[in-house]
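Here the structure comes first, spelled out in structure tokens, and everything after it is commentary.
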Amino acid sequence: MKLNIAVLSGDGIGPEIMKQGVAVLDAIAKKYNHEFVYHEAITGAHAIDAVGDPFPDSTFKTCMDADAVLFAAVGDPRFDNDPTAKVRPEQGLLAMRKKLGLFANVRPVATFDCLIHKSPLKDELLRGADFVVIRELTGGMYFGEKHQDNDVAWDTDIYHRNEIERILKVAFDFAERRKKHLTVVDKANVLASSRLWRQVAKEMESQYPDVTTDYMFIDNASMRVLTEPRFFDVIVTENTFGDILTDETSCITGSMGLQPSASLGEHTPLFEPVHGSWPQAAGKNIANPLAQILSAAMLLEHFGLNDEGAKIREAVSASLDANVRTPEIQVEGGNHYGTDEVGQWIVD
Ligand code: GGG
């Protein structure tokens, strides 16, 4: 198969982990006789530095022309520490999602047996936890009207029925293909937008008679994913809740560096780690490349290359079992490996 892949490395640790993601794709191409053609484009802080725009038109075109986007991360403390900054790297991320119509962010959460002890949670609660969070990605507070002056600031949490219906359809379809259990996470006791989510979900339930649907407030869900993770199969939630909840789930996997994602919607699908750009680690060869590599596996699986995806997953699990691990998950008292060494081990 020939795939044109737009490669957006972004900021911080982005280029280092992307290098390993591409190396693994190259190894797969060689082994299975595929042709992957990479088209690099700029985004985030270094696109602001280069052209004053975190998601320039040239990058948008590269993404639109490609079959898939492999993205790493954006973010730079220069902008976080400047409340007056007119443009920020994260705006590149939002523009990318909005312009490509990527409304469904699929974030799988599953334990690796050999890392269970790394979690602050109890072993017997975690073993076998395996669920997917479907995060709505182009609505809610992230995109609602905003205002900020010296005395007052607001963000508007807005959702239209059609936005809710299309993300719920993705979630119900996922649940049908999995263990047929959907949990709709909201804050319907307080937020009007959540009440509309709940209303629409209840209306749609009858179209999915095989799926058991339940409803949970975000505060309760935040606790239950940690105390009872095996309860969940598919979680669907709005943009901001989904962002927060899936950082929390790194306590289940053992590291933020292990969580890949796929963003799907109207145009080119995009695959990226859940984590951000970790600027403090940039250039130190300590970032975990596995979320990027697993995002590449999700990319291949999206195109039906399931054996290839499985081969990557097998190598990732084997690397962890062999203790070839970056510092945040290294074996106590043992050595840790660099970003490039982990990537090379998986390639080999
Ligand atoms: N790879 C994801 C990334 O770059 N995250 C940085 C960030 O600002 N994330 C906010 C979000 O995902 O909504």
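We label chains A, B, ... in the order they appear in the structure tokens, count residues from 1 in each chain, and number ligands from 1 in the order shown.
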
Inset, instruction - With only C-alpha atoms and all ligand atoms counted, collect every polymer residue having an atom within 10 Å of ligand 1; state the result as an NGL selection string. - result: :A and (9-12 or 14 or 44 or 71-76 or 88-94 or 97 or 105 or 135 or 137-138 or 142 or 239-240 or 242-244 or 246-247 or 259-261 or 271-278 or 291-292)

What residues in region 148-222 of chain A get the DSSP label alpha helix (DSSP H)? Please answer as a PDB file with N, CA, C and O atoms, in the first residue's frame.
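Okay, out_17.pdb is ready:
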ATOM      1  N   ARG A 161     -26.940  20.490  18.665  1.00  0.00           N
ATOM      2  CA  ARG A 161     -27.450  19.116  18.586  1.00  0.00           C
ATOM      3  C   ARG A 161     -26.677  18.268  17.570  1.00  0.00           C
ATOM      4  O   ARG A 161     -26.309  17.125  17.848  1.00  0.00           O
ATOM      5  N   ASN A 162     -26.415  18.833  16.379  1.00  0.00           N
ATOM      6  CA  ASN A 162     -25.742  18.023  15.352  1.00  0.00           C
ATOM      7  C   ASN A 162     -24.320  17.613  15.782  1.00  0.00           C
ATOM      8  O   ASN A 162     -23.849  16.530  15.448  1.00  0.00           O
ATOM      9  N   GLU A 163     -23.659  18.484  16.552  1.00  0.00           N
ATOM     10  CA  GLU A 163     -22.300  18.135  17.041  1.00  0.00           C
ATOM     11  C   GLU A 163     -22.379  16.992  18.050  1.00  0.00           C
ATOM     12  O   GLU A 163     -21.508  16.118  18.101  1.00  0.00           O
ATOM     13  N   ILE A 164     -23.437  17.027  18.857  1.00  0.00           N
ATOM     14  CA  ILE A 164     -23.588  15.984  19.879  1.00  0.00           C
ATOM     15  C   ILE A 164     -23.968  14.661  19.210  1.00  0.00           C
ATOM     16  O   ILE A 164     -23.410  13.606  19.532  1.00  0.00           O
ATOM     17  N   GLU A 165     -24.898  14.752  18.260  1.00  0.00           N
ATOM     18  CA  GLU A 165     -25.352  13.521  17.588  1.00  0.00           C
ATOM     19  C   GLU A 165     -24.209  12.801  16.891  1.00  0.00           C
ATOM     20  O   GLU A 165     -24.069  11.579  16.977  1.00  0.00           O
ATOM     21  N   ARG A 166     -23.360  13.555  16.193  1.00  0.00           N
ATOM     22  CA  ARG A 166     -22.327  12.874  15.400  1.00  0.00           C
ATOM     23  C   ARG A 166     -21.262  12.232  16.294  1.00  0.00           C
ATOM     24  O   ARG A 166     -20.764  11.143  15.972  1.00  0.00           O
ATOM     25  N   ILE A 167     -20.939  12.847  17.436  1.00  0.00           N
ATOM     26  CA  ILE A 167     -19.936  12.217  18.311  1.00  0.00           C
ATOM     27  C   ILE A 167     -20.559  11.030  19.048  1.00  0.00           C
ATOM     28  O   ILE A 167     -19.911   9.998  19.260  1.00  0.00           O
ATOM     29  N   LEU A 168     -21.841  11.146  19.404  1.00  0.00           N
ATOM     30  CA  LEU A 168     -22.496  10.015  20.069  1.00  0.00           C
ATOM     31  C   LEU A 168     -22.605   8.829  19.118  1.00  0.00           C
ATOM     32  O   LEU A 168     -22.462   7.674  19.534  1.00  0.00           O
ATOM     33  N   LYS A 169     -22.827   9.109  17.837  1.00  0.00           N
ATOM     34  CA  LYS A 169     -22.905   8.011  16.860  1.00  0.00           C
ATOM     35  C   LYS A 169     -21.563   7.256  16.823  1.00  0.00           C
ATOM     36  O   LYS A 169     -21.533   6.023  16.831  1.00  0.00           O
ATOM     37  N   VAL A 170     -20.469   8.023  16.797  1.00  0.00           N
ATOM     38  CA  VAL A 170     -19.140   7.377  16.817  1.00  0.00           C
ATOM     39  C   VAL A 170     -19.016   6.500  18.065  1.00  0.00           C
ATOM     40  O   VAL A 170     -18.562   5.351  18.008  1.00  0.00           O
ATOM     41  N   ALA A 171     -19.453   7.039  19.202  1.00  0.00           N
ATOM     42  CA  ALA A 171     -19.289   6.320  20.476  1.00  0.00           C
ATOM     43  C   ALA A 171     -20.172   5.074  20.529  1.00  0.00           C
ATOM     44  O   ALA A 171     -19.723   3.996  20.938  1.00  0.00           O
ATOM     45  N   PHE A 172     -21.440   5.189  20.116  1.00  0.00           N
ATOM     46  CA  PHE A 172     -22.332   4.026  20.103  1.00  0.00           C
ATOM     47  C   PHE A 172     -21.761   2.952  19.165  1.00  0.00           C
ATOM     48  O   PHE A 172     -21.783   1.757  19.476  1.00  0.00           O
ATOM     49  N   ASP A 173     -21.273   3.389  17.983  1.00  0.00           N
ATOM     50  CA  ASP A 173     -20.714   2.415  17.027  1.00  0.00           C
ATOM     51  C   ASP A 173     -19.503   1.689  17.635  1.00  0.00           C
ATOM     52  O   ASP A 173     -19.337   0.479  17.468  1.00  0.00           O
ATOM     53  N   PHE A 174     -18.658   2.439  18.336  1.00  0.00           N
ATOM     54  CA  PHE A 174     -17.505   1.821  19.013  1.00  0.00           C
ATOM     55  C   PHE A 174     -17.990   0.791  20.028  1.00  0.00           C
ATOM     56  O   PHE A 174     -17.472  -0.314  20.105  1.00  0.00           O
ATOM     57  N   ALA A 175     -18.983   1.192  20.824  1.00  0.00           N
ATOM     58  CA  ALA A 175     -19.483   0.302  21.883  1.00  0.00           C
ATOM     59  C   ALA A 175     -20.054  -0.975  21.256  1.00  0.00           C
ATOM     60  O   ALA A 175     -19.846  -2.074  21.783  1.00  0.00           O
ATOM     61  N   GLU A 176     -20.743  -0.832  20.124  1.00  0.00           N
ATOM     62  CA  GLU A 176     -21.315  -2.016  19.453  1.00  0.00           C
ATOM     63  C   GLU A 176     -20.240  -2.999  19.044  1.00  0.00           C
ATOM     64  O   GLU A 176     -20.444  -4.202  19.064  1.00  0.00           O
ATOM     65  N   ARG A 177     -19.072  -2.445  18.644  1.00  0.00           N
ATOM     66  CA  ARG A 177     -17.976  -3.321  18.202  1.00  0.00           C
ATOM     67  C   ARG A 177     -17.156  -3.868  19.374  1.00  0.00           C
ATOM     68  O   ARG A 177     -16.320  -4.738  19.194  1.00  0.00           O
ATOM     69  N   ALA A 192     -26.122  23.405  31.266  1.00  0.00           N
ATOM     70  CA  ALA A 192     -27.163  23.269  30.246  1.00  0.00           C
ATOM     71  C   ALA A 192     -26.651  22.454  29.069  1.00  0.00           C
ATOM     72  O   ALA A 192     -27.356  21.599  28.524  1.00  0.00           O
ATOM     73  N   SER A 193     -25.400  22.700  28.664  1.00  0.00           N
ATOM     74  CA  SER A 193     -24.840  21.954  27.523  1.00  0.00           C
ATOM     75  C   SER A 193     -24.840  20.450  27.833  1.00  0.00           C
ATOM     76  O   SER A 193     -25.161  19.621  26.982  1.00  0.00           O
ATOM     77  N   SER A 194     -24.530  20.085  29.068  1.00  0.00           N
ATOM     78  CA  SER A 194     -24.532  18.671  29.456  1.00  0.00           C
ATOM     79  C   SER A 194     -25.937  18.094  29.408  1.00  0.00           C
ATOM     80  O   SER A 194     -26.128  16.925  29.060  1.00  0.00           O
ATOM     81  N   ARG A 195     -26.926  18.910  29.763  1.00  0.00           N
ATOM     82  CA  ARG A 195     -28.310  18.400  29.746  1.00  0.00           C
ATOM     83  C   ARG A 195     -28.735  18.080  28.315  1.00  0.00           C
ATOM     84  O   ARG A 195     -29.433  17.106  28.059  1.00  0.00           O
ATOM     85  N   LEU A 196     -28.276  18.905  27.354  1.00  0.00           N
ATOM     86  CA  LEU A 196     -28.602  18.604  25.956  1.00  0.00           C
ATOM     87  C   LEU A 196     -27.897  17.317  25.512  1.00  0.00           C
ATOM     88  O   LEU A 196     -28.480  16.474  24.834  1.00  0.00           O
ATOM     89  N   TRP A 197     -26.627  17.150  25.909  1.00  0.00           N
ATOM     90  CA  TRP A 197     -25.905  15.897  25.615  1.00  0.00           C
ATOM     91  C   TRP A 197     -26.725  14.703  26.110  1.00  0.00           C
ATOM     92  O   TRP A 197     -26.913  13.719  25.419  1.00  0.00           O
ATOM     93  N   ARG A 198     -27.202  14.792  27.345  1.00  0.00           N
ATOM     94  CA  ARG A 198     -27.909  13.665  27.955  1.00  0.00           C
ATOM     95  C   ARG A 198     -29.221  13.398  27.226  1.00  0.00           C
ATOM     96  O   ARG A 198     -29.577  12.248  26.961  1.00  0.00           O
ATOM     97  N   GLN A 199     -29.919  14.488  26.877  1.00  0.00           N
ATOM     98  CA  GLN A 199     -31.200  14.350  26.169  1.00  0.00           C
ATOM     99  C   GLN A 199     -30.999  13.640  24.822  1.00  0.00           C
ATOM    100  O   GLN A 199     -31.703  12.696  24.476  1.00  0.00           O
ATOM    101  N   VAL A 200     -29.983  14.100  24.071  1.00  0.00           N
ATOM    102  CA  VAL A 200     -29.726  13.528  22.742  1.00  0.00           C
ATOM    103  C   VAL A 200     -29.310  12.058  22.884  1.00  0.00           C
ATOM    104  O   VAL A 200     -29.771  11.194  22.130  1.00  0.00           O
ATOM    105  N   ALA A 201     -28.478  11.766  23.870  1.00  0.00           N
ATOM    106  CA  ALA A 201     -28.025  10.374  24.064  1.00  0.00           C
ATOM    107  C   ALA A 201     -29.207   9.471  24.379  1.00  0.00           C
ATOM    108  O   ALA A 201     -29.315   8.357  23.846  1.00  0.00           O
ATOM    109  N   LYS A 202     -30.101   9.938  25.224  1.00  0.00           N
ATOM    110  CA  LYS A 202     -31.272   9.114  25.580  1.00  0.00           C
ATOM    111  C   LYS A 202     -32.151   8.882  24.355  1.00  0.00           C
ATOM    112  O   LYS A 202     -32.674   7.789  24.163  1.00  0.00           O
ATOM    113  N   GLU A 203     -32.277   9.890  23.508  1.00  0.00           N
ATOM    114  CA  GLU A 203     -33.058   9.727  22.271  1.00  0.00           C
ATOM    115  C   GLU A 203     -32.420   8.683  21.349  1.00  0.00           C
ATOM    116  O   GLU A 203     -33.112   7.986  20.623  1.00  0.00           O
ATOM    117  N   MET A 204     -31.091   8.619  21.362  1.00  0.00           N
ATOM    118  CA  MET A 204     -30.402   7.712  20.434  1.00  0.00           C
ATOM    119  C   MET A 204     -30.319   6.270  20.943  1.00  0.00           C
ATOM    120  O   MET A 204     -30.029   5.350  20.185  1.00  0.00           O
ATOM    121  N   ILE A 218     -19.074  14.022  35.608  1.00  0.00           N
ATOM    122  CA  ILE A 218     -17.615  14.025  35.422  1.00  0.00           C
ATOM    123  C   ILE A 218     -16.865  13.867  36.753  1.00  0.00           C
ATOM    124  O   ILE A 218     -15.837  13.184  36.809  1.00  0.00           O
ATOM    125  N   ASP A 219     -17.400  14.449  37.813  1.00  0.00           N
ATOM    126  CA  ASP A 219     -16.702  14.331  39.106  1.00  0.00           C
ATOM    127  C   ASP A 219     -16.683  12.871  39.560  1.00  0.00           C
ATOM    128  O   ASP A 219     -15.654  12.360  40.012  1.00  0.00           O
ATOM    129  N   ASN A 220     -17.814  12.193  39.399  1.00  0.00           N
ATOM    130  CA  ASN A 220     -17.884  10.780  39.766  1.00  0.00           C
ATOM    131  C   ASN A 220     -16.999   9.943  38.836  1.00  0.00           C
ATOM    132  O   ASN A 220     -16.239   9.071  39.280  1.00  0.00           O
ATOM    133  N   ALA A 221     -17.073  10.243  37.515  1.00  0.00           N
ATOM    134  CA  ALA A 221     -16.284   9.472  36.540  1.00  0.00           C
ATOM    135  C   ALA A 221     -14.782   9.623  36.817  1.00  0.00           C
ATOM    136  O   ALA A 221     -14.012   8.662  36.671  1.00  0.00           O
ATOM    137  N   SER A 222     -14.370  10.821  37.242  1.00  0.00           N
ATOM    138  CA  SER A 222     -12.941  11.051  37.541  1.00  0.00           C
ATOM    139  C   SER A 222     -12.465  10.136  38.648  1.00  0.00           C
ATOM    140  O   SER A 222     -11.303   9.706  38.662  1.00  0.00           O
TER     141      SER A 222
END

Legend entry - Among listed residues A:Gln344, A:Gln148, A:Asn306, A:Ser206, nearest Lys86 (chain A) (using only C-alpha atoms):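 The answer is A:Gln148, which sits nearest to Lys86 (chain A).
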
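For the atom pair formed by CA of Ala50 (chain A) and CA of Val7 (chain A), the distance is 17.1 Å, given to one decimal.
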